[in-house]
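Engineer: Take a look at input.cif, mmCIF, C-alpha atoms and all ligand atoms:
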```cif
data_model
#
loop_
_atom_site.label_atom_id
_atom_site.label_comp_id
_atom_site.auth_asym_id
_atom_site.auth_seq_id
_atom_site.Cartn_x
_atom_site.Cartn_y
_atom_site.Cartn_z
CA MET V 1 3.41 -3.56 -36.77
CA ASP V 2 4.18 -0.95 -39.43
CA GLU V 3 6.52 -2.07 -42.20
CA LYS V 4 8.70 0.99 -41.73
CA GLY V 5 9.40 2.78 -38.49
CA LEU V 6 8.28 6.34 -37.79
CA SER V 7 10.58 9.30 -37.50
CA GLU V 8 11.71 10.37 -34.05
CA GLU V 9 9.47 13.46 -34.23
CA GLU V 10 6.49 11.30 -35.07
CA VAL V 11 7.14 8.92 -32.18
CA LEU V 12 7.67 11.82 -29.79
CA ALA V 13 4.43 13.40 -30.97
CA GLU V 14 2.62 10.13 -30.25
CA LEU V 15 4.21 9.97 -26.85
CA SER V 16 3.02 13.50 -26.08
CA PHE V 17 -0.46 12.51 -27.12
CA PHE V 18 -0.47 9.51 -24.78
CA SER V 19 1.22 11.42 -22.01
CA ASN V 20 -1.59 13.96 -22.12
CA LEU V 21 -4.06 11.18 -21.48
CA ASP V 22 -2.21 10.27 -18.29
CA THR V 23 -2.52 12.21 -15.10
CA SER V 24 0.27 14.48 -13.94
CA PHE V 25 -0.99 13.83 -10.36
CA LYS V 26 -2.64 17.24 -10.27
CA LYS V 27 -6.03 16.80 -8.59
CA VAL V 28 -5.26 13.15 -7.72
CA LEU V 29 -6.40 12.34 -4.20
CA SER V 30 -7.07 8.67 -4.81
CA SER V 31 -3.60 7.24 -5.41
CA MET V 32 -1.11 5.69 -3.00
CA CYS V 33 1.66 6.58 -5.44
CA THR V 34 3.18 9.97 -6.16
CA ILE V 35 5.73 11.80 -8.29
CA PRO V 36 9.15 10.24 -7.62
CA HIS V 37 11.84 12.31 -5.95
CA PRO V 38 14.17 13.94 -8.58
CA ILE V 39 17.19 12.00 -7.29
CA ALA V 40 15.28 8.75 -7.87
CA MET V 41 14.61 9.76 -11.48
CA THR V 42 18.28 10.63 -12.07
CA ALA V 43 19.41 7.29 -10.66
CA TYR V 44 16.76 5.46 -12.71
CA TYR V 45 18.07 6.84 -16.02
CA GLN V 46 21.66 6.11 -15.04
CA PHE V 47 20.90 2.41 -14.50
CA ILE V 48 18.20 2.04 -17.16
CA HIS V 49 19.98 -0.94 -18.79
CA SER V 50 20.81 -2.94 -15.68
CA ASN V 51 19.38 -6.28 -14.61
CA VAL V 52 19.70 -7.13 -10.94
CA GLY V 53 18.58 -10.67 -11.85
CA ASP V 54 22.08 -11.26 -13.22
CA PRO V 55 24.11 -9.90 -10.32
CA GLY V 56 27.51 -10.97 -11.64
CA LEU V 57 27.12 -8.69 -14.64
CA PHE V 58 25.61 -5.87 -12.62
CA ARG V 59 27.62 -5.92 -9.44
CA GLY V 60 26.90 -2.28 -8.73
CA VAL V 61 23.14 -2.65 -8.55
CA ALA V 62 23.53 -5.94 -6.70
CA ARG V 63 25.51 -4.07 -4.03
CA MET V 64 22.93 -1.29 -3.92
CA GLU V 65 20.17 -3.86 -3.48
CA GLU V 66 21.97 -5.42 -0.50
CA GLU V 67 22.50 -1.98 0.96
CA ALA V 68 18.82 -1.01 0.45
CA ILE V 69 17.75 -4.18 2.29
CA LYS V 70 20.08 -3.38 5.18
CA ILE V 71 18.84 0.23 5.40
CA THR V 72 15.23 -0.94 5.35
CA ALA V 73 15.84 -3.62 7.98
CA GLY V 74 17.50 -0.87 10.05
CA PHE V 75 14.53 1.51 10.12
CA LEU V 76 12.25 -1.51 10.66
CA ASN V 77 14.16 -1.99 13.94
CA HIS V 78 15.98 -5.17 13.02
CA PRO V 79 18.33 -6.05 15.92
CA ASN V 80 21.02 -6.94 13.37
CA PRO V 81 20.18 -5.36 9.98
CA GLY V 82 23.13 -7.09 8.32
CA ALA V 83 21.47 -10.46 8.95
CA ALA V 84 18.27 -9.49 7.13
CA PHE V 85 17.67 -11.12 3.77
CA GLY V 86 15.55 -9.83 0.92
CA HIS V 87 15.31 -8.16 -2.42
CA LEU V 88 13.44 -5.58 -4.43
CA THR V 89 10.20 -6.58 -6.12
CA SER V 90 7.73 -4.92 -8.45
CA GLY V 91 5.58 -3.84 -5.49
CA GLY V 92 3.28 -4.98 -2.72
CA THR V 93 1.52 -7.68 -4.71
CA GLU V 94 4.71 -9.49 -5.69
CA SER V 95 6.15 -9.15 -2.18
CA ASN V 96 3.00 -10.63 -0.65
CA ILE V 97 2.94 -13.47 -3.20
CA GLU V 98 6.53 -14.36 -2.48
CA ALA V 99 6.11 -14.20 1.30
CA VAL V 100 3.16 -16.59 1.16
CA PHE V 101 4.91 -18.79 -1.42
CA HIS V 102 7.69 -19.34 1.13
CA MET V 103 5.17 -19.98 3.91
CA LYS V 104 3.54 -22.66 1.79
CA ASN V 105 6.80 -24.24 0.74
CA ARG V 106 8.29 -24.36 4.20
CA SER V 107 5.21 -25.87 5.74
CA ALA V 108 5.62 -29.58 6.45
CA VAL V 109 1.89 -30.36 6.53
CA PHE V 110 1.48 -30.35 2.79
CA GLN V 111 4.44 -32.48 2.00
CA ASP V 112 2.72 -35.46 3.60
CA ASN V 113 -0.79 -34.89 2.45
CA SER V 114 -1.39 -33.24 -0.87
CA ASP V 115 -5.17 -33.32 -0.36
CA THR V 116 -4.97 -30.86 2.49
CA LYS V 117 -5.60 -27.24 1.62
CA PRO V 118 -3.28 -24.85 3.41
CA ASN V 119 -4.79 -21.74 4.93
CA LEU V 120 -3.65 -18.26 5.80
CA VAL V 121 -5.13 -16.22 8.64
CA LEU V 122 -5.39 -12.55 7.74
CA PRO V 123 -7.40 -9.47 8.70
CA LYS V 124 -10.65 -8.85 6.83
CA THR V 125 -9.11 -5.58 5.74
CA ALA V 126 -6.24 -7.21 3.82
CA HIS V 127 -5.45 -5.91 0.34
CA PHE V 128 -7.00 -7.69 -2.65
CA SER V 129 -3.58 -9.03 -3.62
CA PHE V 130 -4.28 -11.84 -1.12
CA LYS V 131 -7.28 -12.91 -3.19
CA LYS V 132 -4.94 -13.37 -6.13
CA ILE V 133 -2.54 -15.27 -3.89
CA ALA V 134 -5.28 -17.63 -2.70
CA ASN V 135 -6.11 -18.47 -6.29
CA LEU V 136 -2.52 -18.71 -7.46
CA LEU V 137 -1.26 -20.88 -4.61
CA SER V 138 -4.49 -22.78 -3.82
CA ILE V 139 -4.70 -21.42 -0.32
CA GLU V 140 -7.78 -20.83 1.77
CA LEU V 141 -8.09 -17.37 3.29
CA LYS V 142 -9.39 -17.34 6.84
CA LYS V 143 -10.45 -13.80 7.57
CA ALA V 144 -10.21 -12.44 11.08
CA GLU V 145 -12.61 -9.79 12.38
CA VAL V 146 -11.61 -6.17 12.82
CA ASP V 147 -12.66 -3.72 15.54
CA LEU V 148 -14.44 -0.40 15.06
CA GLN V 149 -11.08 1.20 14.32
CA SER V 150 -10.56 -1.27 11.46
CA ARG V 151 -7.75 -3.08 13.32
CA VAL V 152 -7.68 -6.84 13.46
CA VAL V 153 -8.95 -8.48 16.66
CA PRO V 154 -6.17 -10.77 17.98
CA LYS V 155 -8.68 -13.18 19.56
CA SER V 156 -10.36 -13.61 16.22
CA VAL V 157 -6.98 -14.34 14.60
CA GLU V 158 -6.21 -16.96 17.23
CA SER V 159 -9.60 -18.62 16.84
CA GLN V 160 -9.03 -19.08 13.10
CA ILE V 161 -5.75 -20.97 13.46
CA ASP V 162 -5.90 -24.73 12.84
CA GLU V 163 -3.51 -27.53 11.87
CA ASN V 164 -3.53 -26.43 8.23
CA THR V 165 -2.53 -22.82 8.92
CA ILE V 166 0.74 -21.92 7.21
CA GLY V 167 1.08 -18.38 8.48
CA LEU V 168 -0.42 -15.12 9.69
CA ILE V 169 -0.70 -11.69 8.09
CA GLY V 170 -0.73 -8.31 9.84
CA ILE V 171 -1.15 -4.93 8.19
CA ALA V 172 0.66 -1.68 8.95
CA GLY V 173 -1.45 0.86 7.08
CA ASN V 174 -4.49 -0.86 5.61
CA THR V 175 -5.54 0.22 2.15
CA GLU V 176 -8.91 1.71 3.03
CA PHE V 177 -8.20 3.55 6.29
CA GLY V 178 -4.44 3.44 6.83
CA MET V 179 -4.81 1.78 10.25
CA CYS V 180 -2.14 -0.38 11.85
CA ASP V 181 -3.08 -3.77 13.34
CA PRO V 182 -1.95 -4.63 16.90
CA ILE V 183 1.13 -6.37 15.51
CA ASP V 184 2.71 -6.83 18.96
CA GLN V 185 -0.18 -9.12 19.87
CA LEU V 186 -0.03 -10.91 16.51
CA SER V 187 3.67 -11.45 17.15
CA GLU V 188 2.86 -13.22 20.42
CA ILE V 189 0.28 -15.41 18.71
CA ALA V 190 2.77 -16.26 15.96
CA LEU V 191 5.35 -17.33 18.54
CA LYS V 192 2.82 -19.31 20.53
CA TYR V 193 1.75 -21.35 17.49
CA GLN V 194 5.18 -21.28 15.84
CA LEU V 195 3.80 -19.72 12.69
CA PRO V 196 5.47 -17.20 10.39
CA LEU V 197 4.04 -13.68 10.54
CA HIS V 198 4.25 -11.52 7.42
CA ILE V 199 3.54 -7.81 7.73
CA ASP V 200 2.02 -5.95 4.79
CA ALA V 201 3.46 -2.47 5.29
CA ALA V 202 3.26 -1.62 1.57
CA PHE V 203 1.86 1.82 2.35
CA GLY V 204 2.45 2.38 6.08
CA GLY V 205 6.05 1.18 6.05
CA PHE V 206 7.36 4.53 4.91
CA VAL V 207 4.93 6.43 7.17
CA TYR V 208 4.65 4.91 10.66
CA PRO V 209 8.40 4.82 11.44
CA PHE V 210 8.71 8.50 10.53
CA LEU V 211 5.75 10.01 12.44
CA ALA V 212 6.50 12.87 14.83
CA PRO V 213 6.39 11.96 18.55
CA SER V 214 3.35 14.22 18.97
CA ARG V 215 1.23 12.00 16.70
CA PRO V 216 -1.04 9.49 18.50
CA ALA V 217 0.17 6.66 16.26
CA PHE V 218 3.84 7.43 16.94
CA GLY V 219 5.66 4.29 18.04
CA SER V 220 3.20 1.87 16.43
CA LYS V 221 5.16 -1.34 16.28
CA PHE V 222 5.28 -3.65 13.30
CA GLY V 223 8.95 -4.28 12.63
CA PHE V 224 11.64 -6.80 13.48
CA ASP V 225 11.88 -5.63 17.11
CA LEU V 226 8.79 -7.83 17.56
CA PRO V 227 10.25 -11.33 17.73
CA GLY V 228 7.33 -13.02 15.93
CA VAL V 229 7.63 -10.93 12.76
CA THR V 230 9.34 -13.00 10.08
CA SER V 231 8.95 -10.80 6.98
CA VAL V 232 7.82 -7.33 5.95
CA SER V 233 6.63 -5.96 2.62
CA ILE V 234 7.21 -2.22 2.16
CA ASP V 235 6.86 -0.20 -1.03
CA PRO V 236 9.35 2.49 -2.01
CA HIS V 237 7.03 3.35 -4.93
CA LYS V 238 4.34 4.52 -2.50
CA MET V 239 5.45 6.77 0.39
CA GLY V 240 9.12 5.90 -0.25
CA LEU V 241 9.26 8.46 -3.10
CA SER V 242 10.98 6.05 -5.48
CA VAL V 243 9.92 5.12 -9.01
CA ILE V 244 7.39 2.50 -10.10
CA PRO V 245 8.05 -0.47 -9.87
CA ALA V 246 9.74 -0.64 -6.50
CA GLY V 247 8.68 -2.92 -3.68
CA ILE V 248 10.86 -4.44 -0.97
CA LEU V 249 10.47 -7.82 0.69
CA VAL V 250 12.63 -8.32 3.79
CA PHE V 251 12.98 -11.50 5.83
CA ARG V 252 14.41 -11.48 9.34
CA ASP V 253 17.15 -13.85 8.20
CA LYS V 254 17.90 -16.38 5.56
CA SER V 255 17.50 -19.34 7.86
CA PHE V 256 13.75 -18.77 7.86
CA LEU V 257 13.85 -19.80 4.23
CA ASP V 258 15.94 -22.92 4.78
CA LEU V 259 12.89 -25.10 4.59
CA SER V 260 11.59 -23.53 1.41
CA LEU V 261 14.53 -22.19 -0.52
CA ASP V 262 15.62 -25.55 -1.86
CA LYS V 263 12.19 -26.08 -3.34
CA ILE V 264 12.11 -22.65 -4.92
CA LYS V 265 15.72 -22.30 -5.95
CA VAL V 266 16.46 -23.03 -9.59
CA LYS V 267 19.91 -23.65 -11.01
CA THR V 268 21.03 -21.00 -13.47
CA PRO V 269 24.24 -22.42 -14.94
CA TYR V 270 24.39 -19.99 -17.87
CA LEU V 271 24.08 -16.89 -15.67
CA THR V 272 26.68 -15.31 -13.46
CA SER V 273 25.05 -16.67 -10.33
CA ARG V 274 24.62 -20.37 -9.66
CA ASP V 275 20.97 -20.24 -8.70
CA GLN V 276 17.98 -17.96 -8.39
CA SER V 277 15.26 -17.95 -5.77
CA THR V 278 13.32 -14.79 -6.60
CA LEU V 279 9.88 -15.15 -8.14
CA THR V 280 10.80 -13.12 -11.20
CA GLY V 281 13.93 -13.51 -13.31
CA THR V 282 15.05 -10.30 -14.95
CA ARG V 283 14.57 -7.46 -12.49
CA PRO V 284 15.02 -3.73 -13.03
CA GLY V 285 18.32 -2.51 -11.62
CA ALA V 286 17.11 1.01 -12.37
CA ALA V 287 14.41 0.70 -9.70
CA VAL V 288 17.03 -0.57 -7.24
CA ALA V 289 19.28 2.41 -8.01
CA ALA V 290 16.38 4.86 -7.69
CA THR V 291 15.38 3.38 -4.33
CA TYR V 292 18.93 3.33 -3.00
CA ALA V 293 19.49 6.91 -4.16
CA VAL V 294 16.38 8.37 -2.55
CA MET V 295 16.96 6.54 0.73
CA LYS V 296 20.54 7.80 0.90
CA TYR V 297 19.57 11.32 -0.16
CA LEU V 298 16.70 11.77 2.27
CA GLY V 299 17.88 9.77 5.26
CA ARG V 300 15.64 9.43 8.29
CA ASP V 301 15.30 13.18 8.57
CA GLY V 302 14.10 13.54 4.96
CA TYR V 303 11.42 10.87 5.39
CA GLN V 304 10.34 12.50 8.66
CA ARG V 305 9.89 15.78 6.78
CA ASN V 306 7.95 14.02 4.03
CA VAL V 307 5.61 12.41 6.56
CA ALA V 308 5.27 15.66 8.53
CA TYR V 309 4.19 17.42 5.32
CA CYS V 310 1.55 14.77 4.56
CA MET V 311 0.29 14.77 8.15
CA ASP V 312 0.05 18.56 8.05
CA LEU V 313 -2.14 18.18 4.96
CA THR V 314 -4.19 15.62 6.88
CA ASP V 315 -4.78 18.09 9.76
CA CYS V 316 -5.59 20.86 7.35
CA PHE V 317 -8.06 18.64 5.49
CA GLN V 318 -9.84 17.76 8.74
CA LYS V 319 -10.15 21.45 9.65
CA GLU V 320 -11.60 22.30 6.26
CA LEU V 321 -14.06 19.41 6.54
CA GLU V 322 -15.17 20.60 9.96
CA LYS V 323 -15.95 24.03 8.52
CA ILE V 324 -18.55 22.42 6.26
CA GLY V 325 -19.90 20.17 8.99
CA LEU V 326 -18.17 16.94 7.98
CA LYS V 327 -15.69 14.82 9.83
CA PRO V 328 -13.54 11.78 9.11
CA TYR V 329 -15.14 8.39 9.58
CA LEU V 330 -12.15 7.34 11.72
CA ASP V 331 -9.54 9.58 13.32
CA PRO V 332 -6.76 9.21 10.75
CA GLN V 333 -3.58 7.64 12.10
CA ILE V 334 -1.72 8.44 8.90
CA ASN V 335 -2.41 10.37 5.68
CA ILE V 336 -5.57 8.56 4.59
CA VAL V 337 -8.89 10.22 5.42
CA THR V 338 -12.32 8.67 4.86
CA VAL V 339 -15.41 10.83 4.97
CA ASN V 340 -19.01 9.78 5.37
CA ILE V 341 -20.92 12.49 3.55
CA ASP V 342 -24.15 11.54 5.31
CA SER V 343 -23.37 13.49 8.45
CA SER V 344 -24.78 16.78 9.72
CA ALA V 345 -24.09 18.62 6.46
CA ILE V 346 -26.88 16.69 4.85
CA ASP V 347 -30.29 16.75 6.35
CA ILE V 348 -31.26 13.22 5.40
CA ASP V 349 -34.52 13.35 7.33
CA THR V 350 -35.79 16.24 5.28
CA THR V 351 -38.24 15.16 2.65
CA PRO V 352 -36.97 16.54 -0.59
CA ALA V 353 -39.04 18.99 -2.54
CA PRO V 354 -40.41 17.76 -5.84
CA GLY V 355 -37.93 18.49 -8.56
CA THR V 356 -34.85 18.04 -6.46
CA ASN V 357 -32.89 15.01 -7.52
CA PHE V 358 -32.59 13.64 -4.02
CA ASN V 359 -34.98 10.77 -3.58
CA LYS V 360 -34.70 9.54 -0.02
CA GLU V 361 -36.51 6.30 -0.75
CA THR V 362 -34.11 5.03 -3.34
CA GLU V 363 -30.87 6.80 -2.73
CA THR V 364 -28.77 5.01 -0.18
CA THR V 365 -25.68 6.45 1.39
CA ARG V 366 -23.53 4.37 -0.91
CA GLU V 367 -25.29 5.63 -4.00
CA LYS V 368 -24.97 9.18 -2.73
CA THR V 369 -21.29 8.66 -2.05
CA ASP V 370 -20.72 7.24 -5.53
CA LYS V 371 -22.65 10.09 -7.07
CA ILE V 372 -20.66 12.76 -5.23
CA ARG V 373 -17.46 10.96 -6.14
CA SER V 374 -18.40 10.97 -9.85
CA LEU V 375 -19.51 14.59 -9.74
CA LEU V 376 -16.26 15.66 -8.08
CA LEU V 377 -14.51 14.24 -11.13
CA GLU V 378 -16.97 15.30 -13.83
CA LYS V 379 -17.56 18.84 -12.61
CA TYR V 380 -14.30 19.72 -10.92
CA GLY V 381 -11.70 17.20 -12.12
CA TRP V 382 -10.93 15.69 -8.67
CA ASN V 383 -9.94 12.02 -8.52
CA VAL V 384 -11.19 10.66 -5.23
CA SER V 385 -11.80 7.05 -4.24
CA ALA V 386 -14.52 5.39 -2.17
CA THR V 387 -14.29 2.69 0.49
CA LYS V 388 -15.96 -0.67 0.07
CA THR V 389 -16.54 -1.68 3.68
CA ILE V 390 -18.48 1.48 4.54
CA PRO V 391 -19.91 4.07 2.19
CA ALA V 392 -17.35 6.85 2.43
CA LEU V 393 -15.17 8.99 0.24
CA ARG V 394 -11.48 8.23 0.62
CA PHE V 395 -8.68 10.78 0.28
CA VAL V 396 -4.99 9.87 0.23
CA LEU V 397 -2.92 12.96 1.03
CA MET V 398 0.30 12.28 -0.81
CA PRO V 399 3.34 14.56 -1.21
CA HIS V 400 2.07 15.93 -4.55
CA VAL V 401 -1.02 17.41 -2.83
CA THR V 402 -0.98 21.05 -1.66
CA LYS V 403 -2.93 22.98 0.97
CA GLU V 404 -4.53 24.94 -1.82
CA ASP V 405 -5.79 21.66 -3.33
CA ILE V 406 -7.31 20.87 0.02
CA SER V 407 -9.28 24.06 0.39
CA ASP V 408 -10.34 23.79 -3.26
CA VAL V 409 -11.55 20.20 -3.04
CA VAL V 410 -13.47 20.85 0.18
CA SER V 411 -15.11 23.94 -1.27
CA ASP V 412 -16.06 21.97 -4.42
CA LEU V 413 -17.40 19.20 -2.22
CA LYS V 414 -19.50 21.72 -0.31
CA LYS V 415 -20.92 23.17 -3.53
CA LEU V 416 -21.90 19.69 -4.71
CA LEU V 417 -23.51 18.73 -1.42
CA ASP V 418 -25.46 22.01 -1.36
CA ASP V 419 -26.57 21.59 -4.96
CA GLU V 420 -27.54 17.98 -4.57
CA TYR V 421 -28.93 17.80 -1.08
CA GLY V 422 -28.91 21.24 0.41
CA LYS V 423 -32.27 22.52 -0.88
CA LYS V 424 -34.89 22.69 1.79
CA PRO V 425 -38.31 21.38 0.86
CA GLN V 426 -40.77 23.95 -0.45
CA ARG V 427 -43.92 23.99 1.58
N1 LIG M 501 -0.75 -4.00 0.27
C1 LIG M 501 -1.39 -2.87 0.56
C2 LIG M 501 -1.70 -2.55 2.00
C3 LIG M 501 -1.73 -1.98 -0.47
O1 LIG M 501 -2.39 -0.85 -0.18
C4 LIG M 501 -1.39 -2.31 -1.79
C5 LIG M 501 -1.70 -1.41 -2.94
C6 LIG M 501 -0.73 -3.53 -2.05
C7 LIG M 501 -0.42 -4.36 -0.99
C8 LIG M 501 -0.33 -3.95 -3.43
O2 LIG M 501 0.68 -3.13 -3.91
P1 LIG M 501 1.02 -3.00 -5.46
O3 LIG M 501 -0.17 -2.35 -6.12
O4 LIG M 501 2.24 -2.17 -5.47
O5 LIG M 501 1.26 -4.36 -5.97
N2 LIG M 501 -2.58 -0.40 -2.74
C9 LIG M 501 -3.01 0.50 -3.80
C10 LIG M 501 -4.47 0.19 -4.09
O6 LIG M 501 -4.80 -0.98 -4.37
C11 LIG M 501 -2.21 0.40 -5.07
C12 LIG M 501 -2.46 1.57 -5.97
C13 LIG M 501 -1.61 2.66 -5.96
C14 LIG M 501 -3.53 1.58 -6.84
C15 LIG M 501 -1.83 3.75 -6.79
C16 LIG M 501 -3.77 2.67 -7.69
C17 LIG M 501 -2.90 3.76 -7.66
O7 LIG M 501 -3.11 4.84 -8.49
O8 LIG M 501 -5.26 1.12 -4.03
#
```
What does the file become when written as structure tokens?
Structural biologist:
Amino acid sequence: MDEKGLSEEEVLAELSFFSNLDTSFKKVLSSMCTIPHPIAMTAYYQFIHSNVGDPGLFRGVARMEEEAIKITAGFLNHPNPGAAFGHLTSGGTESNIEAVFHMKNRSAVFQDNSDTKPNLVLPKTAHFSFKKIANLLSIELKKAEVDLQSRVVPKSVESQIDENTIGLIGIAGNTEFGMCDPIDQLSEIALKYQLPLHIDAAFGGFVYPFLAPSRPAFGSKFGFDLPGVTSVSIDPHKMGLSVIPAGILVFRDKSFLDLSLDKIKVKTPYLTSRDQSTLTGTRPGAAVAATYAVMKYLGRDGYQRNVAYCMDLTDCFQKELEKIGLKPYLDPQINIVTVNIDSSAIDIDTTPAPGTNFNKETETTREKTDKIRSLLLEKYGWNVSATKTIPALRFVLMPHVTKEDISDVVSDLKKLLDDEYGKKPQR
């Protein structure tokens, strides 16, 4: 640390320098986050000092947190939103950790036999946060198969359950393709085996409930109207238009935690509350205020408009892709589109002419995909991601994206594909 501090101008100049290294979200098609809604930013600054981990001192944010949980339980079809129990977290990872932490703590099996390793049955497509959870909580992950639409196969889930299973995971909006698992069937399995079912709706939670009735995925169920669902993770800092860090973890009711809360709860005699059961201690009241503000400001109608905008971008993107002979790998249910570039636009059977940099023998589809992805960034400044399970480019069409961006990125993609692979062999 410097002996003497810098002047305000000097610090601000440094901040500008670092801010210029960050993205402004222009040309970002790879992120599940976006620019927060202005009302969320205003609320954030107003509550910048507040700590919802000490609710007696910050009664206002504590009230807003309760309200945000009730609103969320409401649009997740809770039969009695007031009975839902939960809190804001730093995002999907923390919410998932805490949900599984409770599953492990409430499970009787491991109280009797500490040598037994608990396991969690989850779709193959689950987010990598579950890998961290397995390590952190010493849990085995039993991965269930998915179908060709990347949705978990209920039979495979059922076949993985054994006496050491502490719970099941379903996903509403998987990270790679945005697909929703058949949660109604998982709910039945959960009830049959009396297991908790946690839904990871980090991304899809602010999308699926707000789809227009004309969309094929309209009405996809994953909420508390399914009796087997015990908890849901949903991220306001993704499609909820709040600030980072804002996740929400909601439980159907507090009684679910009866078996675990006592083991997790710590006494906090020097704070304004008697005990604490959240994973983290100090928690940002500003993120709570931002989330509350944007939910109140937009209402159901505002989120429907937000989703309609993103789905319109999704349609528009598909049309542009078609024009250059490409199509999505899966029909997108929500605003995530994956594209296999090895379709009719590229004549992969054509032997390349000497001098072209396309070497059919060595260049696999994955290498091609990675190359195109890098070139999109290097040559044109587009940030695009790639999927791991299949070699495809992945585009997340968030609210900061415009239709102009879409025609530009597709035209840049076409130029690259023509330059790299479009040359016909010289005879
Ligand atoms: N569950 C699902 C289904 C997710 O997609 C993600 C994050 C998580 C849980 C974890 O959420 P947190 O990252 O909030 O803890 N999915 C994004 C991803 O891994 C997160 C992200 C968002 C990464 C924006 C980069 C970025 O720029 O791709």
Engineer: Using all atoms listed in the file, which residues of the polymer chains come no farther than 9 Å from ligand LIG 501 (chain M)? I'd like the answer as number ranges by chain.
Structural biologist: V: 28, 30-34, 90-96, 125-130, 171-176, 178, 200-204, 233-235, 237-238, 244-247, 385
Engineer: Give me a file of those residues, with C-alpha atoms, as a short mmCIF file (atom, residue, chain, number, x, y, z; two decimals), in the frame of the given file.
Structural biologist:
```
data_model
loop_
_atom_site.label_atom_id
_atom_site.label_comp_id
_atom_site.auth_asym_id
_atom_site.auth_seq_id
_atom_site.Cartn_x
_atom_site.Cartn_y
_atom_site.Cartn_z
CA VAL V 28 -5.26 13.15 -7.72
CA SER V 30 -7.07 8.67 -4.81
CA SER V 31 -3.60 7.24 -5.41
CA MET V 32 -1.11 5.69 -3.00
CA CYS V 33 1.66 6.58 -5.44
CA THR V 34 3.18 9.97 -6.16
CA SER V 90 7.73 -4.92 -8.45
CA GLY V 91 5.58 -3.84 -5.49
CA GLY V 92 3.28 -4.98 -2.72
CA THR V 93 1.52 -7.68 -4.71
CA GLU V 94 4.71 -9.49 -5.69
CA SER V 95 6.15 -9.15 -2.18
CA ASN V 96 3.00 -10.63 -0.65
CA THR V 125 -9.11 -5.58 5.74
CA ALA V 126 -6.24 -7.21 3.82
CA HIS V 127 -5.45 -5.91 0.34
CA PHE V 128 -7.00 -7.69 -2.65
CA SER V 129 -3.58 -9.03 -3.62
CA PHE V 130 -4.28 -11.84 -1.12
CA ILE V 171 -1.15 -4.93 8.19
CA ALA V 172 0.66 -1.68 8.95
CA GLY V 173 -1.45 0.86 7.08
CA ASN V 174 -4.49 -0.86 5.61
CA THR V 175 -5.54 0.22 2.15
CA GLU V 176 -8.91 1.71 3.03
CA GLY V 178 -4.44 3.44 6.83
CA ASP V 200 2.02 -5.95 4.79
CA ALA V 201 3.46 -2.47 5.29
CA ALA V 202 3.26 -1.62 1.57
CA PHE V 203 1.86 1.82 2.35
CA GLY V 204 2.45 2.38 6.08
CA SER V 233 6.63 -5.96 2.62
CA ILE V 234 7.21 -2.22 2.16
CA ASP V 235 6.86 -0.20 -1.03
CA HIS V 237 7.03 3.35 -4.93
CA LYS V 238 4.34 4.52 -2.50
CA ILE V 244 7.39 2.50 -10.10
CA PRO V 245 8.05 -0.47 -9.87
CA ALA V 246 9.74 -0.64 -6.50
CA GLY V 247 8.68 -2.92 -3.68
CA SER V 385 -11.80 7.05 -4.24
#
```
Engineer: I'd like to know which of V:Ile166, V:Leu29, V:Leu76, V:Val384 is closest to Ser231 (chain V), using all atoms listed in the file.
Structural biologist: V:Leu76
Engineer: Contacts of Thr42 (chain V) at 9 Å or less, counting all atoms listed in the file, minus same-chain residues fewer than 4 places along, as number ranges by chain?
Structural biologist: V: 38, 46-47, 290, 293
Engineer: Please produce, as a Markdown table, a per-residue contact table for region 64-180 of chain V versus region 264-274 of chain V (criterion: any atom at most 10 Å away, only C-alpha atoms considered), showing the nearest atom pair and its distance in Å to one decimal, sorted by chain then residue number.
Structural biologist:
```
| residue | atom | partner | partner_atom | distance |
| --- | --- | --- | --- | --- |
| V:Phe101 | CA | V:Ile264 | CA | 8.9 |
| V:His102 | CA | V:Ile264 | CA | 8.2 |
| V:Asn105 | CA | V:Ile264 | CA | 7.9 |
```
Engineer: Which is closer to Leu136 (chain V) than all the others in V:Glu158, V:Asn119, V:Ile97, V:Leu21, using all atoms listed in the file?
Structural biologist: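 Under the stated criterion, the closest residue is V:Ile97.
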Engineer: Between V:Ser156, V:Thr364, V:Thr165, V:Asn80, which is the closest to Lys117 (chain V) once you count all atoms listed in the file?
Structural biologist: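 Between V:Ser156, V:Thr364, V:Thr165, V:Asn80, the residue approaching Lys117 (chain V) most closely is V:Thr165.
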Engineer: Excluding same-chain residues fewer than 4 positions from region 370-376 of chain V, what lies within 10 Å of it counting all atoms listed in the file, as a PyMOL selection string?
Structural biologist: chain V and resi 341+363-366+380-387+391-394+409+412-413+415-417+420
Engineer: Counting only C-alpha atoms, which residues come within 10 Å of (2.6, -14.8, 17.1), with the point read in the file's coordinates, and could you list them as a PyMOL selection string?
Structural biologist: chain V and resi 154+157-158+167-168+183-197+226-230
Engineer: How many Å lie between CA of Met179 (chain V) and CA of Leu377 (chain V), rounded to one decimal?
Structural biologist: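 Interatomic distance here is 26.6 Å.
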Engineer: Measuring atom to atom with all atoms listed in the file, identify which of V:Val146, V:Ile199, V:Ala13, V:Ile336 is nearest to Lys221 (chain V).
Structural biologist: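 Nearest to Lys221 (chain V): V:Ile199.
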Engineer: V:Thr23, V:Val100, V:Thr280, V:Ser107: which is nearest Ala134 (chain V), counting only C-alpha atoms?
Structural biologist: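 The closest residue to Ala134 (chain V) is V:Val100.
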Engineer: Kindly give the distance, in Å, that separates CA of Ser260 (chain V) and CA of Leu88 (chain V), rounded to a single decimal.
Structural biologist: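 Computing the Euclidean distance for CA of Ser260 (chain V) and CA of Leu88 (chain V) yields 19.0 Å.
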